[in-house]
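Asker: Got a structure for you, coords.cif, holding mmCIF, C-alpha atoms.
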```cif
data_protein
#
loop_
_atom_site.group_PDB
_atom_site.id
_atom_site.type_symbol
_atom_site.label_atom_id
_atom_site.label_comp_id
_atom_site.auth_asym_id
_atom_site.auth_seq_id
_atom_site.Cartn_x
_atom_site.Cartn_y
_atom_site.Cartn_z
ATOM 1 C CA MET A 216 18.779 44.093 158.700
ATOM 2 C CA LYS A 217 17.528 40.779 160.090
ATOM 3 C CA GLN A 218 19.024 37.687 158.490
ATOM 4 C CA ALA A 219 16.541 35.213 157.001
ATOM 5 C CA THR A 220 15.928 32.019 158.950
ATOM 6 C CA ARG A 221 17.570 29.004 157.314
ATOM 7 C CA ALA A 222 15.207 26.230 156.210
ATOM 8 C CA ILE A 223 17.811 23.683 157.384
ATOM 9 C CA PRO A 224 19.506 24.776 160.633
ATOM 10 C CA GLU A 225 23.242 25.379 160.716
ATOM 11 C CA GLY A 226 25.175 22.141 161.211
ATOM 12 C CA PHE A 227 22.377 19.849 160.004
ATOM 13 C CA HIS A 228 22.032 17.902 156.750
ATOM 14 C CA THR A 229 18.790 17.173 154.920
ATOM 15 C CA ILE A 230 18.250 13.851 156.723
ATOM 16 C CA THR A 231 18.853 13.631 160.460
ATOM 17 C CA PRO A 232 18.368 10.411 162.457
ATOM 18 C CA HIS A 233 16.241 10.816 165.585
ATOM 19 C CA LEU A 234 16.818 7.880 167.943
ATOM 20 C CA VAL A 235 14.306 6.868 170.603
ATOM 21 C CA CYS A 236 15.466 4.592 173.415
ATOM 22 C CA GLU A 237 15.103 3.567 177.011
ATOM 23 C CA GLY A 238 17.855 5.215 179.047
ATOM 24 C CA ALA A 239 18.685 8.082 176.712
ATOM 25 C CA ALA A 240 21.150 9.657 179.181
ATOM 26 C CA LYS A 241 23.172 6.437 179.241
ATOM 27 C CA ALA A 242 22.907 6.223 175.452
ATOM 28 C CA LEU A 243 24.439 9.702 175.184
ATOM 29 C CA ASP A 244 27.375 8.450 177.280
ATOM 30 C CA PHE A 245 27.717 5.316 175.112
ATOM 31 C CA TYR A 246 27.818 7.342 171.868
ATOM 32 C CA ARG A 247 30.336 9.751 173.384
ATOM 33 C CA GLU A 248 32.594 6.893 174.518
ATOM 34 C CA CYS A 249 32.316 4.697 171.430
ATOM 35 C CA PHE A 250 31.966 7.158 168.565
ATOM 36 C CA GLY A 251 33.500 10.312 169.974
ATOM 37 C CA ALA A 252 30.082 11.992 169.731
ATOM 38 C CA VAL A 253 29.820 15.513 171.078
ATOM 39 C CA GLU A 254 26.698 16.522 172.976
ATOM 40 C CA VAL A 255 25.269 19.730 171.539
ATOM 41 C CA SER A 256 22.160 20.085 173.681
ATOM 42 C CA ARG A 257 19.991 18.238 176.202
ATOM 43 C CA MET A 258 16.478 19.077 177.358
ATOM 44 C CA PRO A 259 15.280 16.968 180.292
ATOM 45 C CA GLY A 260 11.578 16.736 181.007
ATOM 46 C CA PRO A 261 9.935 17.261 184.392
ATOM 47 C CA ASP A 262 10.461 13.599 185.310
ATOM 48 C CA GLY A 263 14.168 13.677 184.370
ATOM 49 C CA ARG A 264 13.798 11.709 181.140
ATOM 50 C CA ILE A 265 15.322 13.316 178.085
ATOM 51 C CA MET A 266 12.708 15.008 175.928
ATOM 52 C CA HIS A 267 15.253 16.013 173.280
ATOM 53 C CA ALA A 268 19.017 15.899 172.846
ATOM 54 C CA GLU A 269 21.329 16.593 169.944
ATOM 55 C CA MET A 270 24.744 15.062 169.298
ATOM 56 C CA ARG A 271 27.322 15.405 166.556
ATOM 57 C CA ILE A 272 29.544 12.671 165.172
ATOM 58 C CA GLY A 273 32.035 14.092 162.702
ATOM 59 C CA ASP A 274 30.067 16.360 160.378
ATOM 60 C CA SER A 275 26.676 14.801 161.161
ATOM 61 C CA MET A 276 24.041 15.589 163.749
ATOM 62 C CA PHE A 277 21.551 13.201 165.277
ATOM 63 C CA MET A 278 18.789 13.629 167.795
ATOM 64 C CA LEU A 279 17.910 11.401 170.727
ATOM 65 C CA CYS A 280 15.169 11.134 173.308
ATOM 66 C CA ASP A 281 13.861 8.723 175.903
ATOM 67 C CA ASP A 282 11.067 6.425 174.883
ATOM 68 C CA PHE A 283 7.522 7.456 175.710
ATOM 69 C CA PRO A 284 5.429 4.358 174.872
ATOM 70 C CA ASP A 285 2.299 5.887 176.388
ATOM 71 C CA TYR A 286 2.529 8.588 173.715
ATOM 72 C CA GLY A 287 3.238 6.239 170.802
ATOM 73 C CA SER A 288 7.014 6.567 170.930
ATOM 74 C CA PRO A 289 8.537 3.209 171.962
ATOM 75 C CA GLY A 290 12.225 2.433 171.639
ATOM 76 C CA PRO A 291 13.755 -0.625 169.962
ATOM 77 C CA LEU A 292 14.007 -2.584 173.238
ATOM 78 C CA GLY A 293 10.252 -2.216 173.731
ATOM 79 C CA LEU A 294 9.706 -3.212 170.099
ATOM 80 C CA LYS A 295 12.097 -6.177 170.470
ATOM 81 C CA GLY A 296 14.442 -4.848 167.793
ATOM 82 C CA SER A 297 14.795 -2.348 164.995
ATOM 83 C CA PRO A 298 14.807 -2.859 161.223
ATOM 84 C CA VAL A 299 16.930 0.293 160.815
ATOM 85 C CA VAL A 300 20.729 0.191 160.557
ATOM 86 C CA ILE A 301 22.638 3.440 161.066
ATOM 87 C CA HIS A 302 25.750 3.414 158.872
ATOM 88 C CA LEU A 303 28.719 5.236 160.378
ATOM 89 C CA TYR A 304 31.937 5.852 158.462
ATOM 90 C CA VAL A 305 34.930 6.358 160.763
ATOM 91 C CA ARG A 306 38.694 6.666 160.345
ATOM 92 C CA ASP A 307 39.405 3.478 162.336
ATOM 93 C CA ALA A 308 36.592 0.906 162.357
ATOM 94 C CA ASP A 309 38.660 -1.502 164.476
ATOM 95 C CA ALA A 310 39.120 1.030 167.292
ATOM 96 C CA VAL A 311 35.439 2.015 167.282
ATOM 97 C CA TRP A 312 34.457 -1.663 167.197
ATOM 98 C CA GLU A 313 36.626 -2.486 170.208
ATOM 99 C CA ARG A 314 35.225 0.442 172.207
ATOM 100 C CA ALA A 315 31.655 -0.558 171.342
ATOM 101 C CA MET A 316 32.192 -4.203 172.325
ATOM 102 C CA ALA A 317 33.859 -3.160 175.596
ATOM 103 C CA ALA A 318 30.917 -0.849 176.362
ATOM 104 C CA GLY A 319 28.298 -3.593 175.938
ATOM 105 C CA ALA A 320 27.419 -3.712 172.231
ATOM 106 C CA ARG A 321 26.543 -7.103 170.704
ATOM 107 C CA ALA A 322 28.081 -8.063 167.350
ATOM 108 C CA THR A 323 25.577 -9.128 164.699
ATOM 109 C CA MET A 324 27.995 -9.169 161.728
ATOM 110 C CA PRO A 325 31.669 -9.538 162.616
ATOM 111 C CA LEU A 326 34.031 -6.755 161.628
ATOM 112 C CA GLY A 327 36.017 -7.736 158.561
ATOM 113 C CA ASP A 328 37.108 -6.779 155.075
ATOM 114 C CA ALA A 329 33.970 -6.544 152.920
ATOM 115 C CA PHE A 330 33.884 -7.311 149.202
ATOM 116 C CA TRP A 331 32.773 -3.731 148.395
ATOM 117 C CA GLY A 332 35.971 -2.136 149.735
ATOM 118 C CA ASP A 333 35.121 -1.298 153.339
ATOM 119 C CA ARG A 334 36.358 -2.626 156.652
ATOM 120 C CA TYR A 335 32.824 -3.292 157.947
ATOM 121 C CA GLY A 336 30.813 -4.811 160.783
ATOM 122 C CA GLN A 337 27.420 -4.476 162.447
ATOM 123 C CA PHE A 338 26.372 -4.461 166.082
ATOM 124 C CA VAL A 339 23.416 -3.666 168.308
ATOM 125 C CA ASP A 340 24.104 -1.119 171.028
ATOM 126 C CA PRO A 341 22.822 -1.683 174.591
ATOM 127 C CA PHE A 342 19.785 0.488 173.760
ATOM 128 C CA GLY A 343 18.635 -1.639 170.824
ATOM 129 C CA HIS A 344 19.904 0.473 167.922
ATOM 130 C CA ARG A 345 21.683 -1.272 165.057
ATOM 131 C CA TRP A 346 24.924 0.262 163.788
ATOM 132 C CA ALA A 347 27.148 -0.504 160.819
ATOM 133 C CA VAL A 348 30.681 0.764 161.389
ATOM 134 C CA ALA A 349 32.977 1.095 158.394
ATOM 135 C CA THR A 350 36.255 2.490 157.165
ATOM 136 C CA HIS A 351 36.540 2.752 153.393
ATOM 137 C CA VAL A 352 39.821 1.092 152.424
ATOM 138 C CA ARG A 353 39.572 0.515 148.664
ATOM 139 C CA ASP A 354 37.843 2.345 145.808
ATOM 140 C CA MET A 355 36.122 -0.049 143.425
ATOM 141 C CA THR A 356 33.953 0.213 140.327
ATOM 142 C CA VAL A 357 30.431 -1.237 140.313
ATOM 143 C CA ASP A 358 31.698 -4.052 138.044
ATOM 144 C CA GLU A 359 34.540 -4.880 140.477
ATOM 145 C CA ILE A 360 32.078 -4.975 143.379
ATOM 146 C CA GLN A 361 29.715 -7.271 141.454
ATOM 147 C CA GLU A 362 32.591 -9.606 140.542
ATOM 148 C CA ALA A 363 33.796 -9.700 144.151
ATOM 149 C CA MET A 364 30.252 -10.371 145.370
ATOM 150 C CA ALA A 365 29.889 -13.284 142.948
ATOM 151 C CA ARG A 366 33.158 -14.774 144.271
ATOM 152 C CA GLU A 367 32.536 -14.215 147.983
ATOM 153 C CA MET A 368 28.807 -14.528 148.605
ATOM 154 C CA PRO A 369 27.047 -17.894 149.001
ATOM 155 C CA PRO A 370 24.715 -18.825 146.109
ATOM 156 C CA GLU A 371 21.547 -18.249 148.195
ATOM 157 C CA CYS A 372 22.641 -14.619 148.645
ATOM 158 C CA GLY A 373 23.494 -13.955 144.986
ATOM 159 C CA GLY A 374 27.006 -15.375 144.760
ATOM 160 C CA ALA A 375 28.365 -18.022 142.397
#
```
Could you render the structure from this file as structure tokens?

Answerer:
Amino acid sequence: MKQATRAIPEGFHTITPHLVCEGAAKALDFYRECFGAVEVSRMPGPDGRIMHAEMRIGDSMFMLCDDFPDYGSPGPLGLKGSPVVIHLYVRDADAVWERAMAAGARATMPLGDAFWGDRYGQFVDPFGHRWAVATHVRDMTVDEIQEAMAREMPPECGGA
């Protein structure tokens, strides 16, 4: 008896980021080096650019392809930035941060201990994608987080 096709493929979650960038092959190398990503598949097009690739970081999949601006698919470098931040929880944010900086990422929010209980920082990778890297270090209630925010944030951002 034939097994029914799954609505969500094996290994995927309901939401899957699909990154578009210039130099997708180099981006795959960057994500492998910095995040320990594992390449699952790669489909190059006739001109050698990547039409579709899949990678896994931990228990999460993401897709990646080269930009194709002529077909309405520009990457963040062509758009001069991205409003999207990809949040990545890891076991050791400091180690991932160091690898990313050494591989050409640019810090946009320094790695440090955040008031909500994470070791947290943000950077832009060499392909224009924004990443937040975090290790959860302390469980806190919503009230504790709000109190810590009031103590640590400047008044213009909601602090005391």

Asker: If the PyMOL selection byres ((chain A and resi 322-339) around 8) were run on this exact file, what residues would it hold? Put them as a ChimeraX atom specification.

Answerer: /A:308-309,312,316,320-321,340-355,360,363-364,367

Asker: Selection from above, C-alpha atoms, as a compact mmCIF listing (two decimals), in the frame of the given file, can you write it?

Answerer:
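Output (again-v7.txt):
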```txt
# COMPACT_ATOMS: atom_id res chain seq x y z
CA ALA A 308 36.59 0.91 162.36
CA ASP A 309 38.66 -1.50 164.48
CA TRP A 312 34.46 -1.66 167.20
CA MET A 316 32.19 -4.20 172.32
CA ALA A 320 27.42 -3.71 172.23
CA ARG A 321 26.54 -7.10 170.70
CA ASP A 340 24.10 -1.12 171.03
CA PRO A 341 22.82 -1.68 174.59
CA PHE A 342 19.78 0.49 173.76
CA GLY A 343 18.64 -1.64 170.82
CA HIS A 344 19.90 0.47 167.92
CA ARG A 345 21.68 -1.27 165.06
CA TRP A 346 24.92 0.26 163.79
CA ALA A 347 27.15 -0.50 160.82
CA VAL A 348 30.68 0.76 161.39
CA ALA A 349 32.98 1.10 158.39
CA THR A 350 36.26 2.49 157.16
CA HIS A 351 36.54 2.75 153.39
CA VAL A 352 39.82 1.09 152.42
CA ARG A 353 39.57 0.52 148.66
CA ASP A 354 37.84 2.35 145.81
CA MET A 355 36.12 -0.05 143.43
CA ILE A 360 32.08 -4.97 143.38
CA ALA A 363 33.80 -9.70 144.15
CA MET A 364 30.25 -10.37 145.37
CA GLU A 367 32.54 -14.22 147.98
```

Asker: Give me, please, the distance in Å between CA of Gly273 (chain A) and CA of Arg314 (chain A), quoted to one decimal.

Answerer: 16.9 Å

Asker: Could you list as number ranges by chain every residue that has an atom within 8 Å of (17.6, 11.7, 167.0), using the file's coordinates and counting all atoms listed in the file?

Answerer: A: 231-235, 267-269, 277-280

Asker: For a test of reading the model, state the distance in Å between CA of Tyr246 (chain A) and CA of Ala310 (chain A), rounded to one decimal.

Answerer: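 CA of Ala310 (chain A) lies 13.7 Å from CA of Tyr246 (chain A).
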
Asker: How many Å lie between CA of His302 (chain A) and CA of Met270 (chain A), rounded to one decimal?

Answerer: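 It comes out at 15.7 Å.
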
Asker: Out of A:Gly287, A:Pro369, A:Gly263, A:Gly293, which residue has the shortest atom-to-atom distance to Glu237 (chain A) when counting all atoms listed in the file?

Answerer: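 Looking only at the distances to Glu237 (chain A), the closest residue turns out to be A:Gly293.
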